[in-house]
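A.B. asks: model_6.pdb (PDB, C-alpha atoms) pasted underneath:
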ATOM      1  CA  MET A   1      38.276  21.185 -37.293  1.00  0.00           C
ATOM      2  CA  ASN A   2      36.589  18.532 -35.197  1.00  0.00           C
ATOM      3  CA  ARG A   3      39.942  17.485 -33.697  1.00  0.00           C
ATOM      4  CA  PHE A   4      40.758  21.094 -32.871  1.00  0.00           C
ATOM      5  CA  LEU A   5      37.519  21.498 -30.870  1.00  0.00           C
ATOM      6  CA  TRP A   6      38.177  18.234 -29.067  1.00  0.00           C
ATOM      7  CA  LEU A   7      41.653  19.469 -28.083  1.00  0.00           C
ATOM      8  CA  LEU A   8      40.189  22.725 -26.765  1.00  0.00           C
ATOM      9  CA  VAL A   9      37.848  20.749 -24.539  1.00  0.00           C
ATOM     10  CA  ILE A  10      40.346  18.180 -23.243  1.00  0.00           C
ATOM     11  CA  MET A  11      43.449  20.377 -22.712  1.00  0.00           C
ATOM     12  CA  PRO A  12      42.101  22.429 -19.753  1.00  0.00           C
ATOM     13  CA  ALA A  13      41.145  19.212 -17.991  1.00  0.00           C
ATOM     14  CA  ILE A  14      44.669  17.830 -18.438  1.00  0.00           C
ATOM     15  CA  PHE A  15      46.349  20.973 -17.124  1.00  0.00           C
ATOM     16  CA  THR A  16      44.064  21.321 -14.088  1.00  0.00           C
ATOM     17  CA  THR A  17      44.666  17.748 -12.966  1.00  0.00           C
ATOM     18  CA  ALA A  18      48.426  18.044 -13.558  1.00  0.00           C
ATOM     19  CA  GLY A  19      48.613  21.013 -11.188  1.00  0.00           C
ATOM     20  CA  ALA A  20      46.737  19.317  -8.366  1.00  0.00           C
ATOM     21  CA  GLN A  21      49.761  18.100  -6.372  1.00  0.00           C
ATOM     22  CA  VAL A  22      48.127  18.424  -2.955  1.00  0.00           C
ATOM     23  CA  GLN A  23      44.403  18.460  -2.252  1.00  0.00           C
ATOM     24  CA  VAL A  24      43.357  20.327   0.918  1.00  0.00           C
ATOM     25  CA  THR A  25      39.781  20.120   2.220  1.00  0.00           C
ATOM     26  CA  THR A  26      38.194  21.570   5.340  1.00  0.00           C
ATOM     27  CA  GLU A  27      34.839  20.716   6.874  1.00  0.00           C
ATOM     28  CA  PHE A  28      32.888  21.381  10.069  1.00  0.00           C
ATOM     29  CA  ASN A  29      31.080  18.663  11.986  1.00  0.00           C
ATOM     30  CA  THR A  30      28.132  21.116  11.964  1.00  0.00           C
ATOM     31  CA  ASN A  31      27.645  24.495  10.286  1.00  0.00           C
ATOM     32  CA  ASN A  32      25.318  25.947  12.951  1.00  0.00           C
ATOM     33  CA  ILE A  33      26.079  26.231  16.680  1.00  0.00           C
ATOM     34  CA  LEU A  34      24.698  28.136  19.661  1.00  0.00           C
ATOM     35  CA  ILE A  35      26.751  30.760  21.478  1.00  0.00           C
ATOM     36  CA  GLY A  36      29.455  29.069  23.552  1.00  0.00           C
ATOM     37  CA  ASP A  37      29.112  25.679  21.851  1.00  0.00           C
ATOM     38  CA  GLN A  38      32.136  24.048  20.285  1.00  0.00           C
ATOM     39  CA  VAL A  39      32.589  22.981  16.687  1.00  0.00           C
ATOM     40  CA  THR A  40      35.265  20.723  15.186  1.00  0.00           C
ATOM     41  CA  LEU A  41      37.055  21.811  12.022  1.00  0.00           C
ATOM     42  CA  LYS A  42      38.635  18.857  10.214  1.00  0.00           C
ATOM     43  CA  ILE A  43      41.509  19.582   7.822  1.00  0.00           C
ATOM     44  CA  SER A  44      42.347  16.803   5.328  1.00  0.00           C
ATOM     45  CA  VAL A  45      45.465  16.829   3.153  1.00  0.00           C
ATOM     46  CA  SER A  46      45.875  14.327   0.291  1.00  0.00           C
ATOM     47  CA  PRO A  47      49.249  14.627  -1.479  1.00  0.00           C
ATOM     48  CA  GLN A  48      50.359  12.778  -4.582  1.00  0.00           C
ATOM     49  CA  PRO A  49      53.297  10.350  -4.257  1.00  0.00           C
ATOM     50  CA  GLY A  50      56.681  12.056  -3.899  1.00  0.00           C
ATOM     51  CA  ILE A  51      55.297  15.065  -1.998  1.00  0.00           C
ATOM     52  CA  SER A  52      56.368  15.761   1.581  1.00  0.00           C
ATOM     53  CA  ILE A  53      54.137  17.960   3.735  1.00  0.00           C
ATOM     54  CA  GLN A  54      56.058  20.633   5.669  1.00  0.00           C
ATOM     55  CA  ASN A  55      53.284  22.143   7.805  1.00  0.00           C
ATOM     56  CA  ILE A  56      49.593  22.984   7.986  1.00  0.00           C
ATOM     57  CA  ASP A  57      49.189  26.730   8.509  1.00  0.00           C
ATOM     58  CA  TYR A  58      45.848  27.584  10.104  1.00  0.00           C
ATOM     59  CA  SER A  59      47.039  30.834  11.708  1.00  0.00           C
ATOM     60  CA  ALA A  60      44.588  32.828   9.547  1.00  0.00           C
ATOM     61  CA  ILE A  61      41.768  31.431  11.715  1.00  0.00           C
ATOM     62  CA  ASN A  62      43.133  33.443  14.659  1.00  0.00           C
ATOM     63  CA  THR A  63      42.539  36.647  12.692  1.00  0.00           C
ATOM     64  CA  VAL A  64      38.758  36.100  12.557  1.00  0.00           C
ATOM     65  CA  GLU A  65      37.315  38.489  15.130  1.00  0.00           C
ATOM     66  CA  GLY A  66      34.870  36.833  17.528  1.00  0.00           C
ATOM     67  CA  LEU A  67      36.067  33.281  16.828  1.00  0.00           C
ATOM     68  CA  GLU A  68      38.324  31.453  19.276  1.00  0.00           C
ATOM     69  CA  LEU A  69      40.614  28.505  18.638  1.00  0.00           C
ATOM     70  CA  LEU A  70      40.343  26.343  21.766  1.00  0.00           C
ATOM     71  CA  SER A  71      42.567  23.402  20.891  1.00  0.00           C
ATOM     72  CA  SER A  72      44.242  21.555  18.061  1.00  0.00           C
ATOM     73  CA  LYS A  73      45.029  17.871  17.875  1.00  0.00           C
ATOM     74  CA  ALA A  74      48.295  16.604  16.471  1.00  0.00           C
ATOM     75  CA  PRO A  75      48.192  15.725  12.764  1.00  0.00           C
ATOM     76  CA  ASP A  76      47.246  12.111  12.077  1.00  0.00           C
ATOM     77  CA  THR A  77      48.522  10.200   9.042  1.00  0.00           C
ATOM     78  CA  LEU A  78      46.542   7.428   7.368  1.00  0.00           C
ATOM     79  CA  ILE A  79      48.190   5.173   4.774  1.00  0.00           C
ATOM     80  CA  LEU A  80      45.581   4.309   2.143  1.00  0.00           C
ATOM     81  CA  GLY A  81      47.616   1.683   0.315  1.00  0.00           C
ATOM     82  CA  GLY A  82      50.671   1.692  -1.875  1.00  0.00           C
ATOM     83  CA  LYS A  83      52.189   5.174  -2.010  1.00  0.00           C
ATOM     84  CA  THR A  84      48.987   7.091  -1.257  1.00  0.00           C
ATOM     85  CA  TRP A  85      48.347   8.556   2.167  1.00  0.00           C
ATOM     86  CA  MET A  86      46.255  11.243   3.821  1.00  0.00           C
ATOM     87  CA  MET A  87      46.939  13.571   6.751  1.00  0.00           C
ATOM     88  CA  THR A  88      44.147  14.941   8.955  1.00  0.00           C
ATOM     89  CA  GLN A  89      44.115  17.457  11.782  1.00  0.00           C
ATOM     90  CA  GLU A  90      41.206  18.571  13.960  1.00  0.00           C
ATOM     91  CA  LEU A  91      40.739  22.019  15.503  1.00  0.00           C
ATOM     92  CA  THR A  92      38.148  22.948  18.133  1.00  0.00           C
ATOM     93  CA  LEU A  93      36.558  26.388  17.712  1.00  0.00           C
ATOM     94  CA  THR A  94      33.960  28.392  19.624  1.00  0.00           C
ATOM     95  CA  SER A  95      32.357  31.818  19.598  1.00  0.00           C
ATOM     96  CA  PHE A  96      30.559  33.945  22.156  1.00  0.00           C
ATOM     97  CA  ASP A  97      29.062  36.392  19.638  1.00  0.00           C
ATOM     98  CA  SER A  98      26.221  35.532  17.300  1.00  0.00           C
ATOM     99  CA  GLY A  99      26.459  35.951  13.543  1.00  0.00           C
ATOM    100  CA  TYR A 100      28.106  34.479  10.465  1.00  0.00           C
ATOM    101  CA  TYR A 101      31.826  33.785  10.595  1.00  0.00           C
ATOM    102  CA  PHE A 102      33.788  33.195   7.429  1.00  0.00           C
ATOM    103  CA  ILE A 103      36.774  30.936   7.977  1.00  0.00           C
ATOM    104  CA  PRO A 104      39.700  31.821   5.668  1.00  0.00           C
ATOM    105  CA  PRO A 105      41.441  29.098   3.642  1.00  0.00           C
ATOM    106  CA  VAL A 106      43.947  26.843   5.387  1.00  0.00           C
ATOM    107  CA  THR A 107      47.387  26.815   3.719  1.00  0.00           C
ATOM    108  CA  VAL A 108      49.494  23.658   3.456  1.00  0.00           C
ATOM    109  CA  HIS A 109      53.196  24.050   2.663  1.00  0.00           C
ATOM    110  CA  PHE A 110      54.871  21.111   0.931  1.00  0.00           C
ATOM    111  CA  LEU A 111      58.013  20.067  -0.924  1.00  0.00           C
ATOM    112  CA  GLU A 112      57.999  18.413  -4.313  1.00  0.00           C
ATOM    113  CA  GLY A 113      61.584  17.258  -4.599  1.00  0.00           C
ATOM    114  CA  SER A 114      63.490  20.431  -3.747  1.00  0.00           C
ATOM    115  CA  ARG A 115      60.755  22.838  -4.936  1.00  0.00           C
ATOM    116  CA  ALA A 116      58.680  24.447  -2.162  1.00  0.00           C
ATOM    117  CA  ASP A 117      55.020  25.170  -2.893  1.00  0.00           C
ATOM    118  CA  SER A 118      51.712  25.587  -1.082  1.00  0.00           C
ATOM    119  CA  ALA A 119      48.060  24.676  -1.528  1.00  0.00           C
ATOM    120  CA  LYS A 120      44.946  26.205   0.013  1.00  0.00           C
ATOM    121  CA  SER A 121      41.548  24.904   0.985  1.00  0.00           C
ATOM    122  CA  SER A 122      38.285  26.637   0.244  1.00  0.00           C
ATOM    123  CA  ASP A 123      36.811  28.992   2.830  1.00  0.00           C
ATOM    124  CA  LEU A 124      33.916  28.006   5.094  1.00  0.00           C
ATOM    125  CA  ALA A 125      31.027  29.743   6.825  1.00  0.00           C
ATOM    126  CA  LEU A 126      29.848  29.131  10.384  1.00  0.00           C
ATOM    127  CA  LEU A 127      26.556  30.385  11.812  1.00  0.00           C
ATOM    128  CA  VAL A 128      26.534  31.127  15.547  1.00  0.00           C
ATOM    129  CA  SER A 129      22.984  31.558  16.845  1.00  0.00           C
ATOM    130  CA  THR A 130      21.696  33.003  20.088  1.00  0.00           C
ATOM    131  CA  ILE A 131      19.444  31.139  22.449  1.00  0.00           C
ATOM    132  CA  PRO A 132      15.901  31.888  21.284  1.00  0.00           C
ATOM    133  CA  ASN A 133      13.833  34.170  23.522  1.00  0.00           C
ATOM    134  CA  ILE A 134      10.640  32.272  24.239  1.00  0.00           C
ATOM    135  CA  SER A 135       7.816  34.654  25.022  1.00  0.00           C
ATOM    136  CA  ASP A 136       5.357  33.249  27.516  1.00  0.00           C
ATOM    137  CA  SER A 137       1.897  34.107  26.276  1.00  0.00           C
ATOM    138  CA  THR A 138       0.029  32.130  28.930  1.00  0.00           C
ATOM    139  CA  GLN A 139      -1.418  33.878  31.964  1.00  0.00           C
ATOM    140  CA  LEU A 140      -0.756  32.842  35.540  1.00  0.00           C
ATOM    141  CA  ALA A 141      -3.175  30.182  36.759  1.00  0.00           C
ATOM    142  CA  PRO A 142      -5.388  30.976  39.744  1.00  0.00           C
ATOM    143  CA  ILE A 143      -4.471  29.646  43.191  1.00  0.00           C
ATOM    144  CA  LYS A 144      -5.860  26.155  43.786  1.00  0.00           C
ATOM    145  CA  ASN A 145      -7.592  25.001  46.951  1.00  0.00           C
ATOM    146  CA  ILE A 146      -5.738  22.887  49.504  1.00  0.00           C
ATOM    147  CA  ILE A 147      -6.301  19.145  49.008  1.00  0.00           C
ATOM    148  CA  ASP A 148      -6.914  17.288  52.257  1.00  0.00           C
ATOM    149  CA  GLU A 149      -5.217  13.894  52.537  1.00  0.00           C
ATOM    150  CA  PRO A 150      -6.551  11.181  54.858  1.00  0.00           C
ATOM    151  CA  LEU A 151      -4.417  10.513  57.958  1.00  0.00           C
ATOM    152  CA  ALA A 152      -4.541   6.701  57.855  1.00  0.00           C
TER     153      ALA A 152
END
Take the structure from the file and write it as structure tokens.

C.D. replies:
Amino acid sequence: MNRFLWLLVIMPAIFTTAGAQVQVTTEFNTNNILIGDQVTLKISVSPQPGISIQNIDYSAINTVEGLELLSSKAPDTLILGGKTWMMTQELTLTSFDSGYYFIPPVTVHFLEGSRADSAKSSDLALLVSTIPNISDSTQLAPIKNIIDEPLA
């Protein structure tokens, strides 16, 4: 009975790690910007050996109303040692409307041998704030007298 419980605990962990062929993460350089400011979205892809990345599909970001994709850098590959490597890509986003924006998952299409598959990142939230309206509670100061300066 004790072995059966141990197998129930360990088996889900084995199957979840076996299915993780490609790990996709997304992160902002900041989660809060002012209207018109720019934010960088970094997409990181870490495949297991023997996986070839076909493309990074971030077209779902264009469907977010009020959010604009300004530019995207070319994907950059970093070899970590041996057969492990990581691919990163940076996107520059902005918004001219205040509020919360939920960024949909980024999809990465890859080939494992001849089998095509895809992996998705988690979604993100971005807060776009307005410029605060500072109310001036001080009264106007009275007019000051003219200060005479010596001529010499």

A.B. asks: Do you know which residues the PyMOL selection byres ((chain A and resi 127) around 7) returns on this file, as a PyMOL selection string?

C.D. replies: chain A and resi 31-33+99-101+125-126+128-129

A.B. asks: How many Å separate CA of Phe96 in chain A from CA of Ser122 in chain A?

C.D. replies: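 Separation between CA of Phe96 in chain A and CA of Ser122 in chain A: 24.4 Å.
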
A.B. asks: Give the answer as one residue: which of A:Gly66, A:Pro104, A:Gly113, A:Pro47 has the shortest atom-to-atom distance to Met86 in chain A, using only C-alpha atoms?

C.D. replies: A:Pro47

A.B. asks: What is the distance between CA of Gln89 in chain A and CA of Val39 in chain A, in Å to one decimal?

C.D. replies: 13.7 Å

A.B. asks: Starting from the shown file, work through the PyMOL selection byres ((chain A and resi 68) around 7) and note down what comes out as a VMD selection string.

C.D. replies: chain A and resid 62 66 to 67 69 to 70 93 to 95
